[in-house]
Amino acid sequence: MFYLKKQDAPAWAALNQALAINPSSALVQRNHARLLLKQQKITDALKIAQSLYEANSQEPENKVVFAATLVVNQQDEQAKILCESALQQRPQYAEALAILGQLHLKAGDKVAALSFLEQALKIKPHLVQLYLVTANLYNENKNLPAAIATLQKVLTYEPNEVGYQMALGEFLRLNHQTEEAIALLQKTVQLAPDNADAWVNLGTALQQNGELQNAKEAYDKALAINPAQGEIFSNLGVMAKDEGNWELALEYFDKALILLPTRLPIMVNKAATLNHLGRDEEAEKMAHAALKIDSLCENAHTILGGIFQNRNCLHKANAHYLKALELEADNEEAALALTVNHYLLLDYSQAIHYLKQALPILNKPALKKFKSSKTYATYMVFLLNWWENEIKQGLDFNAKNTELPFLAVVGESHSLAVHRTDFALQEMPYRCQAHWIGGIKMWHLAQAKSHPMKQRVRQVLSDLPANSPILFTIGEIDCRLDEGIWSTAKKQAADYQTLIEKTVTGYLDWLEETLKKTSQQQIIIQGIPAPNYHKELEMSDENVPEFLAMINEVNQQLKYYTLQKGWQFLDVYAATVAENGKSHGQWHLDSHHLKPAFYRQAQNWLSH
């Protein structure tokens, strides 16, 4: 419990000399008890400390030394009384404050613990072993700058202490100071090349910084020292997940859980991976297992929200997302999901409420994992602002009862634009109802192998009433500059026209085969709008004509094969394209999506 971090051997030598000179000295006996405690000789330490206290129970130092031995012997209440008494006599007694900090920490009162530890360090800054405990408490309070400053200070006393360096490196990484973390941890592994944990921490920082090959090399060195490193397999799983290799990610998470069966982050990552792979029942089971370990695991609630959202059980999904948001007020992902779900449930005011909580996601770093969420958040701002203007003109957005029959709209974000609007189909008015499948592409359905998105479409179709007309709004994501057909053709030096035909025919053929098993017969396929992101296109002038030609070709093939199957085609390209091949902007809400008002006149661009 005493924190003067000096070499024990010289201390023992000095003590033995003191004992030989004056064995009955209270000062000598107190130091003897302290050193015995450091060597875990608890019974001997307690015997000496108790004897000192009984000889002079009013001496503050005797009280504190006795309290330290009592703490180790689990007699916390008596130790607390002794330290409080010592502080009444000597308010600046750092060791007494340190012991009280430990006792409050054991009792779960982290606020009081941190207060006592801060006071102790202010009085005696060289009590080095207090720093790590204090830094961890700052971290738990989400005060990373204070945690970092605390460990930076202790390293001025112990500059080569590996444990402090590792902890500081981790806090720097968590605070997105990855370059500093890497520089520090590289020094750490030089000081302790056989420390597997140091290599793991370095690998984690390198991985966060996008230096994946260097990260793998660090993990290899850690595994060579200790093959039973569950944390490494967990990190490799995250790496595989970020690279889109979900099956490999699952293998790594399974390996990690063999070694660390109750580690929450691994359980949560496995649940998220299973969910992405369409193995919802297994994902749900894993998320609930995580909640059994920690009922306050907000990530598990977020995953369960996604699972129920996939099943179109929006109220159940919202209950989990709301719980996640209660547990983590800055969980923008949960707030964004609540925004979309309340929009789908025609609860405009709640959608606005949660959108405000989601908007800080726009300030997140420009990382791949935030890209989709940031795009959706921006889109929902435009969409809800558009509806706000409609509401000001007298429209009752929340009106859920209607005499109009429903037109089911199946697709990604474009399905949200048409949700709740009226759509004339063969002169008969319908009310549109979105069945949102976030991120779905034609490519997902065109693949010969199984894909989770196929199961989600099947689920939607099976839930629809017999003979429901359906509008499919799938494909715009396949036709963007940074992903889909164009990106794949450039990366693989492939012919984009071949990719277009394979994607379009695969998509429509799979739909046709799947629809044969249902009673739905009135099918509409929506095309791809002309691009409205003019600034991005101007950045690659030499490719613009070819890119615009690609979008035109996708629409031509979509229209041709749709009509061949006897379905209707909604030609949003014809409705939006200007003479230069870009959008004229009349019907666009933002860079990619159409205004809801377009669908009120969509019959003008229907072909059959």
# chains A, B, ... in the order shown; residues from 1 in each chain; ligands from 1
>>> select_by_dssp(residues="stretch 445-586 of chain A", states="strand (DSSP E)", output="MDAnalysis selection string")
chainID A and resid 470:473 523:526 568:570
>>> write_last_selection(atoms="C-alpha atoms", output="PDB file, in the first residue's frame")
ATOM      1  CA  ILE A 470     -43.976  -3.144 -55.462  1.00  0.00           C
ATOM      2  CA  LEU A 471     -41.527  -0.442 -56.480  1.00  0.00           C
ATOM      3  CA  PHE A 472     -37.858  -1.488 -56.229  1.00  0.00           C
ATOM      4  CA  THR A 473     -35.457   1.439 -55.682  1.00  0.00           C
ATOM      5  CA  ILE A 523     -43.660  -4.808 -60.316  1.00  0.00           C
ATOM      6  CA  ILE A 524     -41.922  -1.474 -60.971  1.00  0.00           C
ATOM      7  CA  ILE A 525     -38.150  -1.143 -61.272  1.00  0.00           C
ATOM      8  CA  GLN A 526     -36.712   2.321 -60.658  1.00  0.00           C
ATOM      9  CA  GLN A 568     -42.925  -1.424 -65.468  1.00  0.00           C
ATOM     10  CA  PHE A 569     -39.881   0.863 -65.491  1.00  0.00           C
ATOM     11  CA  LEU A 570     -39.676   4.192 -63.676  1.00  0.00           C
TER      12      LEU A 570
END
>>> residues_around(residues="A:Thr421", least_positions_apart="2", cutoff="9 Å", atoms="only C-alpha atoms", output="list in words")
Ala417, Val418, His419, Phe423, Tyr430, Arg431, Cys432, Gln433, Pro596, Ala597, Tyr599 and Arg600 of chain A
>>> residues_around(residues="stretch 519-522 of chain A", least_positions_apart="4", cutoff="9 Å", atoms="only C-alpha atoms", output="list in words")
Leu461, Leu464, Pro465, Ala466, Asn467, Ser468, Pro469, Ile470, Leu471, Leu515, Trp567 and Gln568 of chain A
>>> residues_around(residues="A:Leu384", least_positions_apart="3", cutoff="10 Å", atoms="only C-alpha atoms", output="list in words")
Thr339, Tyr343, Tyr348, Ser349, Ala351, Ile352, Leu355, Tyr379, Met380, Val381, Trp387, Glu388, Asn389, Glu390 and Ala417 of chain A
>>> atom_distance(atom1="atom CA of A:Gln603", atom2="atom CA of A:Met428")
10.2 Å
>>> closest_residue(among="A:Leu259, A:Leu558, A:Leu594, A:Ile437", to="A:Arg458", atoms="only C-alpha atoms")
A:Ile437
>>> atom_distance(atom1="atom CA of A:Leu344", atom2="atom CA of A:Glu332")
18.3 Å
>>> select_by_dssp(residues="stretch 385-436 of chain A", states="alpha helix (DSSP H)", output="mmCIF file with C-alpha atoms, in the first residue's frame")
data_model
loop_
_atom_site.group_PDB
_atom_site.id
_atom_site.type_symbol
_atom_site.label_atom_id
_atom_site.label_comp_id
_atom_site.auth_asym_id
_atom_site.auth_seq_id
_atom_site.Cartn_x
_atom_site.Cartn_y
_atom_site.Cartn_z
ATOM 1 C CA ASN A 385 -36.364 19.801 -43.887
ATOM 2 C CA TRP A 386 -38.287 19.140 -47.089
ATOM 3 C CA TRP A 387 -41.155 17.599 -45.150
ATOM 4 C CA GLU A 388 -41.074 20.478 -42.677
ATOM 5 C CA ASN A 389 -41.965 22.823 -45.528
ATOM 6 C CA GLU A 390 -44.822 20.509 -46.508
ATOM 7 C CA ILE A 391 -46.084 20.460 -42.923
ATOM 8 C CA LYS A 392 -46.013 24.260 -42.830
ATOM 9 C CA SER A 413 -32.089 5.280 -48.956
ATOM 10 C CA HIS A 414 -34.120 6.120 -52.074
ATOM 11 C CA SER A 415 -37.061 4.245 -50.566
ATOM 12 C CA LEU A 416 -37.143 6.850 -47.774
ATOM 13 C CA ALA A 417 -37.725 9.691 -50.249
ATOM 14 C CA VAL A 418 -40.898 8.111 -51.577
#
>>> atom_distance(atom1="atom CA of A:Tyr252", atom2="atom CA of A:Ser234")
6.2 Å
>>> residues_around(residues="A:Ala249", least_positions_apart="5", cutoff="7 Å", atoms="only C-alpha atoms", output="list of chain:residue names")
A:Gly237, A:Val238, A:Ala240, A:Lys241
>>> write_last_selection(atoms="all heavy atoms", output="short mmCIF file (atom, residue, chain, number, x, y, z; two decimals), in the first residue's frame")
data_model
loop_
_atom_site.label_atom_id
_atom_site.label_comp_id
_atom_site.auth_asym_id
_atom_site.auth_seq_id
_atom_site.Cartn_x
_atom_site.Cartn_y
_atom_site.Cartn_z
N GLY A 237 -9.55 -9.87 -36.24
CA GLY A 237 -10.95 -9.96 -36.66
C GLY A 237 -11.51 -8.61 -37.06
O GLY A 237 -12.20 -8.48 -38.07
N VAL A 238 -11.17 -7.59 -36.28
CA VAL A 238 -11.61 -6.23 -36.61
C VAL A 238 -11.00 -5.80 -37.95
O VAL A 238 -11.67 -5.19 -38.79
CB VAL A 238 -11.22 -5.24 -35.49
CG1 VAL A 238 -11.48 -3.81 -35.92
CG2 VAL A 238 -11.99 -5.57 -34.21
N ALA A 240 -10.05 -7.74 -40.44
CA ALA A 240 -10.73 -8.46 -41.52
C ALA A 240 -12.12 -7.88 -41.77
O ALA A 240 -12.57 -7.74 -42.91
CB ALA A 240 -10.83 -9.95 -41.18
N LYS A 241 -12.81 -7.51 -40.69
CA LYS A 241 -14.14 -6.92 -40.82
C LYS A 241 -14.08 -5.60 -41.56
O LYS A 241 -14.90 -5.33 -42.45
CB LYS A 241 -14.75 -6.73 -39.42
CG LYS A 241 -16.16 -6.16 -39.38
CD LYS A 241 -16.81 -6.40 -38.03
CE LYS A 241 -16.18 -5.59 -36.93
NZ LYS A 241 -16.53 -4.16 -36.96
#
>>> decode(residues="stretch 283-318 of chain A", atoms="N, CA and C atoms", output="mmCIF file, in the first residue's frame")
data_model
loop_
_atom_site.group_PDB
_atom_site.id
_atom_site.type_symbol
_atom_site.label_atom_id
_atom_site.label_comp_id
_atom_site.auth_asym_id
_atom_site.auth_seq_id
_atom_site.Cartn_x
_atom_site.Cartn_y
_atom_site.Cartn_z
ATOM 1 N N ALA A 283 -26.620 -14.099 -34.048
ATOM 2 C CA ALA A 283 -26.218 -12.754 -33.618
ATOM 3 C C ALA A 283 -27.018 -12.331 -32.388
ATOM 4 N N GLU A 284 -28.315 -12.593 -32.421
ATOM 5 C CA GLU A 284 -29.179 -12.238 -31.289
ATOM 6 C C GLU A 284 -28.745 -12.986 -30.029
ATOM 7 N N LYS A 285 -28.434 -14.264 -30.187
ATOM 8 C CA LYS A 285 -28.000 -15.078 -29.046
ATOM 9 C C LYS A 285 -26.705 -14.530 -28.457
ATOM 10 N N MET A 286 -25.753 -14.168 -29.322
ATOM 11 C CA MET A 286 -24.469 -13.647 -28.848
ATOM 12 C C MET A 286 -24.648 -12.288 -28.166
ATOM 13 N N ALA A 287 -25.507 -11.435 -28.718
ATOM 14 C CA ALA A 287 -25.750 -10.122 -28.108
ATOM 15 C C ALA A 287 -26.384 -10.278 -26.721
ATOM 16 N N HIS A 288 -27.318 -11.219 -26.590
ATOM 17 C CA HIS A 288 -27.931 -11.459 -25.280
ATOM 18 C C HIS A 288 -26.914 -12.039 -24.295
ATOM 19 N N ALA A 289 -25.985 -12.875 -24.801
ATOM 20 C CA ALA A 289 -24.932 -13.407 -23.934
ATOM 21 C C ALA A 289 -24.064 -12.272 -23.402
ATOM 22 N N ALA A 290 -23.794 -11.296 -24.254
ATOM 23 C CA ALA A 290 -23.020 -10.125 -23.813
ATOM 24 C C ALA A 290 -23.775 -9.358 -22.729
ATOM 25 N N LEU A 291 -25.088 -9.240 -22.895
ATOM 26 C CA LEU A 291 -25.893 -8.505 -21.908
ATOM 27 C C LEU A 291 -25.990 -9.251 -20.580
ATOM 28 N N LYS A 292 -25.832 -10.571 -20.606
ATOM 29 C CA LYS A 292 -25.816 -11.323 -19.346
ATOM 30 C C LYS A 292 -24.565 -10.986 -18.543
ATOM 31 N N ILE A 293 -23.476 -10.724 -19.254
ATOM 32 C CA ILE A 293 -22.234 -10.341 -18.575
ATOM 33 C C ILE A 293 -22.317 -8.893 -18.111
ATOM 34 N N ASP A 294 -22.866 -8.042 -18.960
ATOM 35 C CA ASP A 294 -23.004 -6.617 -18.623
ATOM 36 C C ASP A 294 -24.303 -6.105 -19.219
ATOM 37 N N SER A 295 -25.304 -5.965 -18.369
ATOM 38 C CA SER A 295 -26.623 -5.524 -18.851
ATOM 39 C C SER A 295 -26.594 -4.095 -19.375
ATOM 40 N N LEU A 296 -25.500 -3.389 -19.102
ATOM 41 C CA LEU A 296 -25.376 -1.996 -19.552
ATOM 42 C C LEU A 296 -24.478 -1.869 -20.786
ATOM 43 N N CYS A 297 -24.316 -2.962 -21.521
ATOM 44 C CA CYS A 297 -23.486 -2.944 -22.728
ATOM 45 C C CYS A 297 -24.273 -2.307 -23.866
ATOM 46 N N GLU A 298 -24.005 -1.035 -24.123
ATOM 47 C CA GLU A 298 -24.800 -0.303 -25.112
ATOM 48 C C GLU A 298 -24.589 -0.831 -26.524
ATOM 49 N N ASN A 299 -23.390 -1.362 -26.826
ATOM 50 C CA ASN A 299 -23.154 -1.898 -28.159
ATOM 51 C C ASN A 299 -24.014 -3.120 -28.438
ATOM 52 N N ALA A 300 -24.240 -3.939 -27.415
ATOM 53 C CA ALA A 300 -25.109 -5.116 -27.585
ATOM 54 C C ALA A 300 -26.539 -4.678 -27.887
ATOM 55 N N HIS A 301 -26.998 -3.627 -27.200
ATOM 56 C CA HIS A 301 -28.343 -3.105 -27.484
ATOM 57 C C HIS A 301 -28.420 -2.524 -28.896
ATOM 58 N N THR A 302 -27.348 -1.866 -29.339
ATOM 59 C CA THR A 302 -27.334 -1.323 -30.701
ATOM 60 C C THR A 302 -27.443 -2.434 -31.732
ATOM 61 N N ILE A 303 -26.723 -3.527 -31.502
ATOM 62 C CA ILE A 303 -26.779 -4.662 -32.430
ATOM 63 C C ILE A 303 -28.168 -5.288 -32.435
ATOM 64 N N LEU A 304 -28.759 -5.459 -31.263
ATOM 65 C CA LEU A 304 -30.118 -6.011 -31.200
ATOM 66 C C LEU A 304 -31.105 -5.087 -31.910
ATOM 67 N N GLY A 305 -30.884 -3.785 -31.794
ATOM 68 C CA GLY A 305 -31.731 -2.857 -32.538
ATOM 69 C C GLY A 305 -31.640 -3.111 -34.027
ATOM 70 N N GLY A 306 -30.411 -3.334 -34.530
ATOM 71 C CA GLY A 306 -30.232 -3.620 -35.951
ATOM 72 C C GLY A 306 -30.877 -4.923 -36.377
ATOM 73 N N ILE A 307 -30.805 -5.933 -35.509
ATOM 74 C CA ILE A 307 -31.408 -7.235 -35.827
ATOM 75 C C ILE A 307 -32.919 -7.094 -35.981
ATOM 76 N N PHE A 308 -33.550 -6.405 -35.031
ATOM 77 C CA PHE A 308 -35.010 -6.243 -35.109
ATOM 78 C C PHE A 308 -35.403 -5.289 -36.235
ATOM 79 N N GLN A 309 -34.527 -4.352 -36.538
ATOM 80 C CA GLN A 309 -34.789 -3.469 -37.675
ATOM 81 C C GLN A 309 -34.780 -4.273 -38.975
ATOM 82 N N ASN A 310 -33.834 -5.206 -39.100
ATOM 83 C CA ASN A 310 -33.788 -6.071 -40.278
ATOM 84 C C ASN A 310 -35.066 -6.878 -40.433
ATOM 85 N N ARG A 311 -35.694 -7.223 -39.317
ATOM 86 C CA ARG A 311 -36.931 -8.003 -39.343
ATOM 87 C C ARG A 311 -38.164 -7.110 -39.481
ATOM 88 N N ASN A 312 -37.928 -5.803 -39.615
ATOM 89 C CA ASN A 312 -39.001 -4.817 -39.708
ATOM 90 C C ASN A 312 -39.836 -4.752 -38.431
ATOM 91 N N CYS A 313 -39.245 -5.149 -37.310
ATOM 92 C CA CYS A 313 -39.904 -5.009 -36.002
ATOM 93 C C CYS A 313 -39.415 -3.682 -35.409
ATOM 94 N N LEU A 314 -39.951 -2.581 -35.941
ATOM 95 C CA LEU A 314 -39.371 -1.270 -35.641
ATOM 96 C C LEU A 314 -39.535 -0.861 -34.180
ATOM 97 N N HIS A 315 -40.662 -1.246 -33.561
ATOM 98 C CA HIS A 315 -40.858 -0.853 -32.163
ATOM 99 C C HIS A 315 -39.870 -1.581 -31.252
ATOM 100 N N LYS A 316 -39.633 -2.867 -31.518
ATOM 101 C CA LYS A 316 -38.627 -3.605 -30.743
ATOM 102 C C LYS A 316 -37.239 -3.034 -30.999
ATOM 103 N N ALA A 317 -36.973 -2.719 -32.258
ATOM 104 C CA ALA A 317 -35.681 -2.124 -32.599
ATOM 105 C C ALA A 317 -35.490 -0.816 -31.840
ATOM 106 N N ASN A 318 -36.516 0.009 -31.814
ATOM 107 C CA ASN A 318 -36.412 1.311 -31.144
ATOM 108 C C ASN A 318 -36.167 1.163 -29.646
#
